[in-house]
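Below you'll find the structure, written out as structure tokens, and then a few comments.
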Amino acid sequence: MSEKHYKSELIGLFGSPVDENPTVITMEAGFKALGLNYRYCTMEVKPENLGTAVAALKALGFKGTNLTIPHKVAVIPHLDHLSEGAKLIGAVNTIYIKDGETHGENTDGKGFIIALKENGVSIEGKRITILGAGGAARAVAVELALEKAAHITIINVNKERGSTLSGLIREKTGVSSDYISWDHTCAIPPDTSILVQATSVGLFPDPNCPDIAYDTVRPPMVACDVVPNPPETLFIRKAKENGCKTLTGLPMLVNQAGIGFRLWTGREAPVDVMMEATLNEFSKS
Ligand code: NDP
């Protein structure tokens, strides 16, 4: 009997543009560490081809795929099943194939929750302020509400997006929420326990930080950034200088990847190895 096995298990990443997305480094480090014959394939998929690409996952025997800009919302009508979380968030970043059917999941907010808990930050009963109302902010806000936060304040420049997210939290999760307009240097509500920077400000190569009154970011507030690259943003540096406990976007990124890893392989993700590989890659930026 031959002991040779040549067929790899396949995972995709669909996006456009996608060439600068480094998730392949994180994932392949995990596959290698566990000796798994899996390949993570970064693929340029144009919006008009998304339905065909999702159908191809089944035809080609893929285990699943990640989705990035601009497919996270548009993919939903093409899926057989949608998790409760993804339904609430209204976006999917991970598909896994089970019994020949596609399941949509959103792991972004869940990765953030794991990162918070691993750092000893409890959520239940806490008042939380989120800067931003885009995809990452929605995922984080919904998961924080499902973890029984007491109140969630959304601060966002675009009024419609900000108030829509605040309304979604109130109506779909039952957690109280308000929206603060962001047309000035914004003060953070003083009763905030956890502050989440969920805008794209500060993402490499942008060296800036959001326009907030940093003298209102004070202990015992925990200041978190979703931006994973650079690993330490200016927002995080300023919060640290003020004496706050901080959490960068890197553990969120690696933990959300770890959830996909488990859904596709059935194995616990070697998160430490994946973290080191990702950090190493970002240090080349
Ligand atoms: P979106 O484009 O969906 O949302 C961007 C958000 O940033 C919007 O709320 C937008 O406000 C706000 N924003 C942009 N520029 C400014 C500014 N100058 N001042 C104030 N607000 C601003 O992006 P995503 O939510 O998908 O991504 C946001 C960040 O999260 C990115 O840096 C991404 O890398 C990161 N991310 C990290 C993940 C992780 O695992 N660590 C996972 C997913 C994303 P407005 O609505 O007013 O336009």
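By convention in this document, the chains of the structure tokens carry letters A, B, ... by their order, each chain's residues are numbered from 1, and ligands are numbered from 1 in the order they are shown.
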
Would you list, as a ChimeraX atom specification, the residues of range 228-283 of chain A that end up in helix (DSSP H, G or I) under DSSP run on this structure's backbone? /A:234-241,249-265,271-282

Would you mind exporting C-alpha atoms of the selected residues as a PDB file, in the first residue's frame?
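Below is the file that was written, out-v4.pdb:
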```pdb
ATOM      1  CA  LEU A 234      -0.422  56.237  18.082  1.00  0.00           C
ATOM      2  CA  PHE A 235      -3.839  55.813  19.785  1.00  0.00           C
ATOM      3  CA  ILE A 236      -2.431  52.953  21.888  1.00  0.00           C
ATOM      4  CA  ARG A 237       0.758  54.890  22.679  1.00  0.00           C
ATOM      5  CA  LYS A 238      -1.236  57.913  23.912  1.00  0.00           C
ATOM      6  CA  ALA A 239      -3.555  55.768  26.061  1.00  0.00           C
ATOM      7  CA  LYS A 240      -0.526  53.982  27.526  1.00  0.00           C
ATOM      8  CA  GLU A 241       1.184  57.306  28.325  1.00  0.00           C
ATOM      9  CA  GLY A 249      -5.490  44.875  17.249  1.00  0.00           C
ATOM     10  CA  LEU A 250      -3.018  42.013  16.797  1.00  0.00           C
ATOM     11  CA  PRO A 251      -4.517  39.515  19.300  1.00  0.00           C
ATOM     12  CA  MET A 252      -7.959  40.215  17.800  1.00  0.00           C
ATOM     13  CA  LEU A 253      -6.622  39.507  14.311  1.00  0.00           C
ATOM     14  CA  VAL A 254      -4.903  36.273  15.274  1.00  0.00           C
ATOM     15  CA  ASN A 255      -7.777  35.023  17.433  1.00  0.00           C
ATOM     16  CA  GLN A 256     -10.339  35.642  14.694  1.00  0.00           C
ATOM     17  CA  ALA A 257      -8.058  33.724  12.327  1.00  0.00           C
ATOM     18  CA  GLY A 258      -7.851  30.955  14.946  1.00  0.00           C
ATOM     19  CA  ILE A 259     -11.637  30.514  14.946  1.00  0.00           C
ATOM     20  CA  GLY A 260     -11.606  29.998  11.150  1.00  0.00           C
ATOM     21  CA  PHE A 261      -8.662  27.603  11.518  1.00  0.00           C
ATOM     22  CA  ARG A 262     -10.702  25.441  13.928  1.00  0.00           C
ATOM     23  CA  LEU A 263     -13.820  25.501  11.721  1.00  0.00           C
ATOM     24  CA  TRP A 264     -11.814  24.334   8.690  1.00  0.00           C
ATOM     25  CA  THR A 265      -9.402  21.844  10.262  1.00  0.00           C
ATOM     26  CA  VAL A 271      -2.336  30.886  18.179  1.00  0.00           C
ATOM     27  CA  ASP A 272       1.124  31.700  19.591  1.00  0.00           C
ATOM     28  CA  VAL A 273       2.874  30.476  16.442  1.00  0.00           C
ATOM     29  CA  MET A 274       0.388  32.364  14.245  1.00  0.00           C
ATOM     30  CA  MET A 275       0.896  35.526  16.325  1.00  0.00           C
ATOM     31  CA  GLU A 276       4.682  35.354  15.999  1.00  0.00           C
ATOM     32  CA  ALA A 277       4.512  34.823  12.217  1.00  0.00           C
ATOM     33  CA  THR A 278       2.105  37.765  11.823  1.00  0.00           C
ATOM     34  CA  LEU A 279       4.177  40.086  14.000  1.00  0.00           C
ATOM     35  CA  ASN A 280       7.271  39.108  12.076  1.00  0.00           C
ATOM     36  CA  GLU A 281       5.519  39.910   8.791  1.00  0.00           C
ATOM     37  CA  PHE A 282       4.307  43.322  10.051  1.00  0.00           C
TER      38      PHE A 282
END
```

What's the 8 Å shell around range 142-159 of chain A, counting only C-alpha atoms, without same-chain residues fewer than 3 positions away, as number ranges by chain? A: 85, 88-89, 109-110, 113, 123-133, 138-139, 162-163, 165-166, 169, 173, 175-183

Output file for the selection above: N, CA and C atoms, as an mmCIF file, in the first residue's frame:
```
data_model
loop_
_atom_site.group_PDB
_atom_site.id
_atom_site.type_symbol
_atom_site.label_atom_id
_atom_site.label_comp_id
_atom_site.auth_asym_id
_atom_site.auth_seq_id
_atom_site.Cartn_x
_atom_site.Cartn_y
_atom_site.Cartn_z
ATOM 1 N N GLY A 85 -24.832 35.357 14.794
ATOM 2 C CA GLY A 85 -23.963 36.531 14.936
ATOM 3 C C GLY A 85 -23.791 37.252 13.608
ATOM 4 N N LEU A 88 -26.876 39.185 12.664
ATOM 5 C CA LEU A 88 -27.003 40.449 13.393
ATOM 6 C C LEU A 88 -26.027 41.498 12.854
ATOM 7 N N ILE A 89 -24.797 41.068 12.628
ATOM 8 C CA ILE A 89 -23.755 41.992 12.157
ATOM 9 C C ILE A 89 -24.039 42.412 10.714
ATOM 10 N N GLY A 109 -15.565 40.022 15.606
ATOM 11 C CA GLY A 109 -15.942 40.421 16.962
ATOM 12 C C GLY A 109 -15.598 39.345 17.977
ATOM 13 N N LYS A 110 -15.749 38.082 17.571
ATOM 14 C CA LYS A 110 -15.450 36.967 18.485
ATOM 15 C C LYS A 110 -13.960 36.951 18.825
ATOM 16 N N ILE A 113 -13.388 39.533 21.449
ATOM 17 C CA ILE A 113 -13.853 39.098 22.781
ATOM 18 C C ILE A 113 -12.816 38.157 23.412
ATOM 19 N N ILE A 123 -16.501 41.834 30.568
ATOM 20 C CA ILE A 123 -17.381 42.666 29.743
ATOM 21 C C ILE A 123 -18.736 42.875 30.405
ATOM 22 N N GLU A 124 -19.230 41.826 31.057
ATOM 23 C CA GLU A 124 -20.595 41.875 31.609
ATOM 24 C C GLU A 124 -20.767 43.078 32.534
ATOM 25 N N GLY A 125 -21.820 43.855 32.277
ATOM 26 C CA GLY A 125 -22.152 44.986 33.152
ATOM 27 C C GLY A 125 -21.304 46.237 32.914
ATOM 28 N N LYS A 126 -20.414 46.195 31.904
ATOM 29 C CA LYS A 126 -19.513 47.336 31.659
ATOM 30 C C LYS A 126 -20.119 48.323 30.649
ATOM 31 N N ARG A 127 -19.748 49.595 30.822
ATOM 32 C CA ARG A 127 -20.135 50.629 29.854
ATOM 33 C C ARG A 127 -18.989 50.774 28.847
ATOM 34 N N ILE A 128 -19.359 50.714 27.566
ATOM 35 C CA ILE A 128 -18.349 50.624 26.501
ATOM 36 C C ILE A 128 -18.562 51.751 25.495
ATOM 37 N N THR A 129 -17.453 52.356 25.046
ATOM 38 C CA THR A 129 -17.529 53.381 23.997
ATOM 39 C C THR A 129 -16.756 52.891 22.781
ATOM 40 N N ILE A 130 -17.390 52.975 21.614
ATOM 41 C CA ILE A 130 -16.758 52.513 20.370
ATOM 42 C C ILE A 130 -16.610 53.689 19.417
ATOM 43 N N LEU A 131 -15.406 53.901 18.920
ATOM 44 C CA LEU A 131 -15.154 54.907 17.875
ATOM 45 C C LEU A 131 -15.291 54.207 16.534
ATOM 46 N N GLY A 132 -16.229 54.671 15.676
ATOM 47 C CA GLY A 132 -16.411 54.059 14.369
ATOM 48 C C GLY A 132 -17.714 53.286 14.302
ATOM 49 N N ALA A 133 -18.188 53.080 13.066
ATOM 50 C CA ALA A 133 -19.433 52.326 12.861
ATOM 51 C C ALA A 133 -19.356 51.527 11.563
ATOM 52 N N ARG A 138 -19.140 47.260 13.863
ATOM 53 C CA ARG A 138 -20.411 46.506 13.951
ATOM 54 C C ARG A 138 -20.175 45.138 14.583
ATOM 55 N N ALA A 139 -19.119 44.449 14.108
ATOM 56 C CA ALA A 139 -18.833 43.103 14.626
ATOM 57 C C ALA A 139 -18.504 43.158 16.117
ATOM 58 N N GLY A 162 -23.619 55.819 12.260
ATOM 59 C CA GLY A 162 -23.506 55.786 13.725
ATOM 60 C C GLY A 162 -24.834 55.499 14.400
ATOM 61 N N SER A 163 -25.874 56.222 13.990
ATOM 62 C CA SER A 163 -27.165 56.028 14.675
ATOM 63 C C SER A 163 -27.799 54.694 14.281
ATOM 64 N N LEU A 165 -26.128 51.883 13.775
ATOM 65 C CA LEU A 165 -25.488 50.849 14.612
ATOM 66 C C LEU A 165 -26.028 50.902 16.040
ATOM 67 N N SER A 166 -26.179 52.106 16.554
ATOM 68 C CA SER A 166 -26.713 52.259 17.903
ATOM 69 C C SER A 166 -28.135 51.677 17.985
ATOM 70 N N ILE A 169 -28.116 47.820 17.976
ATOM 71 C CA ILE A 169 -27.770 47.234 19.280
ATOM 72 C C ILE A 169 -28.998 47.242 20.198
ATOM 73 N N THR A 173 -30.405 43.422 20.286
ATOM 74 C CA THR A 173 -29.761 42.721 21.407
ATOM 75 C C THR A 173 -30.358 43.130 22.747
ATOM 76 N N VAL A 175 -29.573 45.640 24.489
ATOM 77 C CA VAL A 175 -28.613 46.407 25.294
ATOM 78 C C VAL A 175 -28.802 47.895 24.994
ATOM 79 N N SER A 176 -28.762 48.735 26.027
ATOM 80 C CA SER A 176 -28.981 50.168 25.786
ATOM 81 C C SER A 176 -27.777 50.758 25.050
ATOM 82 N N SER A 177 -28.061 51.741 24.200
ATOM 83 C CA SER A 177 -26.996 52.295 23.359
ATOM 84 C C SER A 177 -27.366 53.711 22.947
ATOM 85 N N ASP A 178 -26.351 54.584 22.851
ATOM 86 C CA ASP A 178 -26.600 55.923 22.321
ATOM 87 C C ASP A 178 -25.530 56.260 21.287
ATOM 88 N N TYR A 179 -25.832 57.290 20.504
ATOM 89 C CA TYR A 179 -24.906 57.726 19.454
ATOM 90 C C TYR A 179 -24.466 59.149 19.741
ATOM 91 N N ILE A 180 -23.151 59.400 19.678
ATOM 92 C CA ILE A 180 -22.622 60.755 19.833
ATOM 93 C C ILE A 180 -22.036 61.201 18.495
ATOM 94 N N SER A 181 -22.472 62.370 18.049
ATOM 95 C CA SER A 181 -21.997 62.916 16.785
ATOM 96 C C SER A 181 -20.514 63.309 16.931
ATOM 97 N N TRP A 182 -19.722 63.109 15.889
ATOM 98 C CA TRP A 182 -18.268 63.328 15.951
ATOM 99 C C TRP A 182 -17.878 64.436 14.970
ATOM 100 N N ASP A 183 -18.271 65.700 15.335
ATOM 101 C CA ASP A 183 -17.955 66.815 14.448
ATOM 102 C C ASP A 183 -17.014 67.794 15.153
#
```

DSSP says strand (DSSP E) for which residues of range 20-137 of chain A? Put them as a VMD selection string? chain A and resid 38 to 44 64 to 67 81 to 82 94 to 98 101 to 105 127 to 131

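When CA of Ala53 in chain A is paired with CA of Leu34 in chain A, their separation reads 28.4 Å.
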
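Take the candidates A:Ala136, A:Pro228, A:Lys46, A:Lys63 and check each one against Thr23 in chain A using only C-alpha atoms; the shortest distance goes to A:Pro228.
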
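Nearest residue to Gly202 in chain A among A:Leu36, A:Ala56, A:Val227, A:Cys244 is A:Val227, counting only C-alpha atoms.
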
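Atom to atom, atom 11 (O, counted along the ligand's line) of ligand 1 and CA of Ser16 in chain A stand 20.5 Å apart.
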
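Excluding Met221 in chain A itself and same-chain residues fewer than 3 positions from it, the residues having an atom within 10 Å of it are Ile128, Pro190, Asp191, Thr192, Ser193, Ile194, Leu195, Thr216, Val217, Arg218, Cys224, Ala239, Gly243, Cys244, Lys245 and Thr246 of chain A, counting only C-alpha atoms.
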
Go ahead and dump the residues you just picked, N, CA and C atoms, as an mmCIF file, in the first residue's frame.
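Contents of part.cif, freshly written:
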```
data_model
loop_
_atom_site.group_PDB
_atom_site.id
_atom_site.type_symbol
_atom_site.label_atom_id
_atom_site.label_comp_id
_atom_site.auth_asym_id
_atom_site.auth_seq_id
_atom_site.Cartn_x
_atom_site.Cartn_y
_atom_site.Cartn_z
ATOM 1 N N ILE A 128 -19.359 50.714 27.566
ATOM 2 C CA ILE A 128 -18.349 50.624 26.501
ATOM 3 C C ILE A 128 -18.562 51.751 25.495
ATOM 4 N N PRO A 190 -17.038 59.860 30.676
ATOM 5 C CA PRO A 190 -16.158 59.517 31.807
ATOM 6 C C PRO A 190 -16.474 58.182 32.472
ATOM 7 N N ASP A 191 -17.705 57.672 32.290
ATOM 8 C CA ASP A 191 -18.037 56.381 32.919
ATOM 9 C C ASP A 191 -17.684 55.186 32.028
ATOM 10 N N THR A 192 -16.926 55.421 30.941
ATOM 11 C CA THR A 192 -16.523 54.332 30.034
ATOM 12 C C THR A 192 -15.523 53.402 30.722
ATOM 13 N N SER A 193 -15.804 52.092 30.690
ATOM 14 C CA SER A 193 -14.833 51.109 31.217
ATOM 15 C C SER A 193 -13.908 50.618 30.113
ATOM 16 N N ILE A 194 -14.502 50.406 28.909
ATOM 17 C CA ILE A 194 -13.704 49.888 27.785
ATOM 18 C C ILE A 194 -13.915 50.817 26.587
ATOM 19 N N LEU A 195 -12.815 51.360 26.071
ATOM 20 C CA LEU A 195 -12.861 52.229 24.892
ATOM 21 C C LEU A 195 -12.281 51.456 23.706
ATOM 22 N N THR A 216 -9.222 62.774 28.228
ATOM 23 C CA THR A 216 -10.405 62.082 28.768
ATOM 24 C C THR A 216 -10.250 60.552 28.681
ATOM 25 N N VAL A 217 -9.091 60.122 28.176
ATOM 26 C CA VAL A 217 -8.792 58.676 28.145
ATOM 27 C C VAL A 217 -7.916 58.392 29.364
ATOM 28 N N ARG A 218 -8.521 57.932 30.432
ATOM 29 C CA ARG A 218 -7.863 57.853 31.742
ATOM 30 C C ARG A 218 -8.125 56.514 32.408
ATOM 31 N N CYS A 224 -8.605 49.944 23.691
ATOM 32 C CA CYS A 224 -8.330 48.869 22.717
ATOM 33 C C CYS A 224 -8.351 49.440 21.311
ATOM 34 N N ALA A 239 -2.793 56.335 24.939
ATOM 35 C CA ALA A 239 -3.555 55.768 26.061
ATOM 36 C C ALA A 239 -2.601 55.196 27.113
ATOM 37 N N GLY A 243 -1.530 56.086 31.266
ATOM 38 C CA GLY A 243 -1.599 55.089 32.342
ATOM 39 C C GLY A 243 -2.704 54.057 32.162
ATOM 40 N N CYS A 244 -3.352 54.030 30.968
ATOM 41 C CA CYS A 244 -4.424 53.050 30.744
ATOM 42 C C CYS A 244 -3.851 51.676 30.424
ATOM 43 N N LYS A 245 -4.607 50.645 30.794
ATOM 44 C CA LYS A 245 -4.321 49.296 30.288
ATOM 45 C C LYS A 245 -4.715 49.317 28.806
ATOM 46 N N THR A 246 -3.935 48.681 27.938
ATOM 47 C CA THR A 246 -4.220 48.745 26.497
ATOM 48 C C THR A 246 -4.256 47.351 25.865
#
```

Please list as a ChimeraX atom specification every residue within 8 Å of Ala187 in chain A, counting only C-alpha atoms and excluding residues in the same chain fewer than 5 positions away. /A:212-214,216

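Note that CA of Asn242 in chain A and CA of Ala115 in chain A are 21.6 Å apart.
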
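For the residues A:Val24, A:Cys186, A:Val75, A:Ala59, ranking by smallest atom-to-atom distance to Pro47 in chain A using only C-alpha atoms places A:Val75 first.
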